[in-house]
file my_file-v6.txt (compact mmCIF, C-alpha atoms)
# COMPACT_ATOMS: atom_id res chain seq x y z
CA MET A 1 11.49 4.56 26.78
CA ILE A 2 11.27 0.91 27.65
CA TYR A 3 7.46 1.06 27.64
CA ILE A 4 7.48 2.47 24.13
CA LEU A 5 9.77 -0.30 22.92
CA LEU A 6 7.70 -2.99 24.62
CA GLY A 7 4.52 -1.50 23.17
CA ALA A 8 6.07 -1.48 19.69
CA LEU A 9 7.14 -5.09 20.16
CA VAL A 10 3.64 -6.15 21.23
CA LEU A 11 2.14 -4.28 18.28
CA LEU A 12 4.59 -5.97 15.93
CA VAL A 13 3.71 -9.40 17.29
CA LEU A 14 -0.02 -8.72 16.93
CA VAL A 15 0.32 -7.43 13.37
CA THR A 16 2.51 -10.38 12.39
CA ALA A 17 0.05 -12.84 13.92
CA GLY A 18 -2.81 -11.22 12.02
CA ARG A 19 -0.99 -11.59 8.68
CA ARG A 20 -0.35 -15.31 9.01
CA GLY A 21 -1.58 -17.20 5.97
CA ARG A 22 -2.15 -14.14 3.78
CA VAL A 23 0.23 -12.74 1.21
CA VAL A 24 1.10 -9.14 1.98
CA ARG A 25 1.79 -6.87 -0.97
CA ILE A 26 4.62 -4.48 -0.21
CA ARG A 27 5.60 -1.87 -2.75
CA ARG A 28 9.21 -1.11 -3.56
CA GLU A 29 9.20 2.13 -1.54
CA TRP A 30 7.97 0.33 1.56
CA ARG A 31 10.61 -2.34 1.12
CA PHE A 32 13.27 0.38 1.04
CA LEU A 33 11.88 2.05 4.16
CA SER A 34 11.60 -1.30 5.90
CA GLY A 35 15.25 -2.05 5.11
CA ALA A 36 16.33 1.36 6.35
CA GLY A 37 14.29 0.88 9.52
CA ALA A 38 15.89 -2.53 10.05
CA VAL A 39 19.37 -1.04 9.79
CA ALA A 40 18.46 1.76 12.22
CA ALA A 41 16.93 -0.68 14.71
CA LEU A 42 19.95 -2.98 14.58
CA ILE A 43 22.38 -0.09 15.08
CA ALA A 44 20.34 1.19 18.01
CA ALA A 45 20.24 -2.33 19.48
CA ALA A 46 24.03 -2.57 19.22
CA LEU A 47 24.50 0.82 20.90
CA LEU A 48 22.13 -0.14 23.71
CA ALA A 49 23.91 -3.46 24.17
CA VAL A 50 27.24 -1.64 24.51
CA ARG A 51 25.67 0.50 27.23
CA GLU A 52 24.38 -2.74 28.85
CA ALA A 53 20.70 -1.87 28.42
CA TRP A 54 19.78 -5.43 27.53
CA ILE A 55 15.99 -5.37 27.49
CA PRO A 56 15.61 -2.49 25.01
CA ALA A 57 18.50 -3.92 22.99
CA VAL A 58 16.73 -7.28 22.65
CA ALA A 59 13.45 -5.54 21.74
CA LEU A 60 15.15 -3.46 19.05
CA LEU A 61 16.95 -6.54 17.78
CA ALA A 62 13.61 -8.33 17.38
CA ILE A 63 12.13 -5.33 15.57
CA GLY A 64 15.17 -5.10 13.29
CA VAL A 65 15.02 -8.79 12.39
CA SER A 66 11.30 -8.54 11.66
CA LEU A 67 11.84 -5.51 9.44
CA MET A 68 14.63 -7.32 7.60
CA GLY A 69 12.23 -10.16 6.86
CA SER A 70 9.56 -7.84 5.49
CA ALA A 71 12.13 -5.97 3.38
CA ARG A 72 13.22 -9.22 1.71
CA PHE A 73 9.70 -10.29 0.69
CA ASN A 74 9.08 -9.65 -3.02
CA PRO A 75 5.57 -10.53 -4.19
CA ARG A 76 6.50 -10.26 -7.88
CA ARG A 77 9.05 -13.07 -7.81
CA ARG A 78 7.29 -16.40 -7.87
CA PRO A 79 8.41 -19.59 -9.51
CA ALA A 80 6.57 -19.93 -12.81
CA ALA A 81 5.91 -23.63 -12.22
CA LEU A 82 3.93 -22.85 -9.07
CA THR A 83 1.80 -20.08 -10.50
CA LYS A 84 0.74 -21.43 -13.89
CA GLU A 85 -0.94 -24.64 -14.90
CA PRO A 86 0.05 -26.38 -18.14
CA MET A 87 -1.40 -24.68 -21.21
CA SER A 88 -4.52 -26.26 -22.68
CA ALA A 89 -4.83 -26.97 -26.39
CA THR A 90 -7.44 -24.21 -26.75
CA GLU A 91 -5.13 -21.67 -25.09
CA ALA A 92 -2.24 -22.82 -27.26
CA ARG A 93 -4.27 -22.37 -30.45
CA ALA A 94 -5.39 -18.91 -29.33
CA THR A 95 -1.82 -17.93 -28.49
CA LEU A 96 -0.53 -18.95 -31.91
CA GLY A 97 -3.65 -17.78 -33.73
CA VAL A 98 -4.37 -21.07 -35.49
CA GLY A 99 -7.60 -22.96 -35.86
CA ALA A 100 -8.55 -26.33 -34.42
CA ASP A 101 -7.89 -28.03 -37.77
CA ALA A 102 -4.41 -26.50 -38.27
CA THR A 103 -1.73 -28.77 -39.67
CA THR A 104 1.77 -29.19 -38.29
CA ASP A 105 3.16 -26.90 -41.00
CA GLU A 106 0.61 -24.17 -40.23
CA ILE A 107 1.40 -24.36 -36.51
CA GLN A 108 5.14 -24.15 -37.19
CA ALA A 109 4.66 -21.23 -39.61
CA ALA A 110 2.56 -19.30 -37.07
CA TYR A 111 5.12 -20.00 -34.35
CA SER A 112 8.01 -18.82 -36.56
CA ARG A 113 6.15 -15.66 -37.60
CA LEU A 114 5.28 -14.71 -34.03
CA MET A 115 8.67 -15.66 -32.61
CA ARG A 116 10.43 -13.37 -35.10
CA MET A 117 8.56 -10.47 -33.51
CA ALA A 118 8.49 -11.63 -29.89
CA HIS A 119 12.03 -12.97 -29.42
CA PRO A 120 13.92 -11.17 -26.62
CA ASP A 121 16.83 -10.44 -28.96
CA LYS A 122 14.44 -8.60 -31.28
CA GLY A 123 12.91 -6.41 -28.57
CA GLY A 124 10.28 -8.83 -27.29
CA THR A 125 9.93 -10.19 -23.78
CA SER A 126 11.11 -13.50 -22.44
CA GLY A 127 7.65 -14.15 -20.99
CA LEU A 128 5.94 -13.88 -24.36
CA ALA A 129 8.60 -16.05 -25.98
CA ALA A 130 8.07 -18.66 -23.25
CA GLN A 131 4.32 -18.61 -23.91
CA LEU A 132 4.90 -19.13 -27.63
CA ASN A 133 7.29 -22.00 -26.91
CA ALA A 134 4.77 -23.61 -24.56
CA ALA A 135 1.97 -23.24 -27.11
CA ARG A 136 4.06 -24.79 -29.87
CA ASP A 137 5.17 -27.64 -27.62
CA ARG A 138 1.58 -28.28 -26.52
CA LEU A 139 0.28 -28.50 -30.09
CA LEU A 140 3.18 -30.34 -31.74
CA LYS A 141 4.28 -32.78 -29.05
CA PRO A 142 2.00 -35.64 -28.01
call {"tool": "encode", "arguments": {"input": "my_file-v6.txt", "output": "structure tokens"}}
result
Amino acid sequence: MIYILLGALVLLVLVTAGRRGRVVRIRREWRFLSGAGAVAALIAAALLAVREAWIPAVALLAIGVSLMGSARFNPRRRPAALTKEPMSATEARATLGVGADATTDEIQAAYSRLMRMAHPDKGGTSGLAAQLNAARDRLLKP
């Protein structure tokens, strides 16, 4: 049994070393299974520690901690400031649907019209409302 645990530990170290520097996409189901595996490994490590089998207990503890780390990783949650550059004037005009020669009143009218439909309280999404706000701010503020 100890050889299996040591082999799993070596495999885990090699896989983790190979992932360094790359973002790993884990689906929700795999996150759930990883969390369940972490709980099982930690319980088994505790039971082995009570029986004074220290080497397998430490190996299972390492596996459990590694699985906890992979279960916590969520690729969909990223700070918006780190993933998106400031909106250009061309993108802002395209978002609001106004031309390059649009006046301040036309920009404000287009923003109001679109925001009435896209506001989160009216069934829209907060992401679309944020894009509209950014486009309006880019075109109206110096």
call {"tool": "atom_distance", "arguments": {"input": "my_file-v6.txt", "atom1": "CA of Ala102 (chain A)", "atom2": "CA of Gly124 (chain A)"}}
result
25.5 Å
call {"tool": "atom_distance", "arguments": {"input": "my_file-v6.txt", "atom1": "CA of Ala89 (chain A)", "atom2": "CA of Ser126 (chain A)"}}
result
21.2 Å
call {"tool": "atom_distance", "arguments": {"input": "my_file-v6.txt", "atom1": "CA of Val13 (chain A)", "atom2": "CA of Glu52 (chain A)"}}
result
24.6 Å
call {"tool": "residues_near_point", "arguments": {"input": "my_file-v6.txt", "point": "(15.8, -4.7, 13.4)", "cutoff": "12 Å", "atoms": "all atoms listed in the file", "output": "count of residues only"}}
result
31
call {"tool": "residues_near_point", "arguments": {"input": "my_file-v6.txt", "point": "(-4.6, -26.4, -22.5)", "cutoff": "12 Å", "atoms": "only C-alpha atoms", "output": "short mmCIF file (atom, residue, chain, number, x, y, z; two decimals) with C-alpha atoms, keeping the file's coordinate frame"}}
result
data_model
loop_
_atom_site.label_atom_id
_atom_site.label_comp_id
_atom_site.auth_asym_id
_atom_site.auth_seq_id
_atom_site.Cartn_x
_atom_site.Cartn_y
_atom_site.Cartn_z
CA LYS A 84 0.74 -21.43 -13.89
CA GLU A 85 -0.94 -24.64 -14.90
CA PRO A 86 0.05 -26.38 -18.14
CA MET A 87 -1.40 -24.68 -21.21
CA SER A 88 -4.52 -26.26 -22.68
CA ALA A 89 -4.83 -26.97 -26.39
CA THR A 90 -7.44 -24.21 -26.75
CA GLU A 91 -5.13 -21.67 -25.09
CA ALA A 92 -2.24 -22.82 -27.26
CA ARG A 93 -4.27 -22.37 -30.45
CA ALA A 94 -5.39 -18.91 -29.33
CA THR A 95 -1.82 -17.93 -28.49
CA GLN A 131 4.32 -18.61 -23.91
CA ALA A 134 4.77 -23.61 -24.56
CA ALA A 135 1.97 -23.24 -27.11
CA ARG A 136 4.06 -24.79 -29.87
CA ASP A 137 5.17 -27.64 -27.62
CA ARG A 138 1.58 -28.28 -26.52
CA LEU A 139 0.28 -28.50 -30.09
#
call {"tool": "closest_residue", "arguments": {"input": "my_file-v6.txt", "among": "A:Met1, A:Leu132, A:Asp101, A:Leu48", "to": "Arg116 (chain A)", "atoms": "only C-alpha atoms"}}
result
A:Leu132
call {"tool": "axis_aligned_box", "arguments": {"input": "my_file-v6.txt", "around": "region 42-45 of chain A", "padding_each_side": "3 Å", "output": "AutoDock Vina command-line options"}}
result
--center_x 21.2 --center_y -0.9 --center_z 17.0 --size_x 8.4 --size_y 10.2 --size_z 10.9
call {"tool": "residues_around", "arguments": {"input": "my_file-v6.txt", "residues": "Ala110 (chain A)", "least_positions_apart": "4", "cutoff": "8 Å", "atoms": "only C-alpha atoms", "output": "PyMOL selection string"}}
result
chain A and resi 96-98+106+114
call {"tool": "closest_residue", "arguments": {"input": "my_file-v6.txt", "among": "A:Ser112, A:Asp105, A:Pro120, A:Gly99", "to": "Leu140 (chain A)", "atoms": "all atoms listed in the file"}}
result
A:Asp105
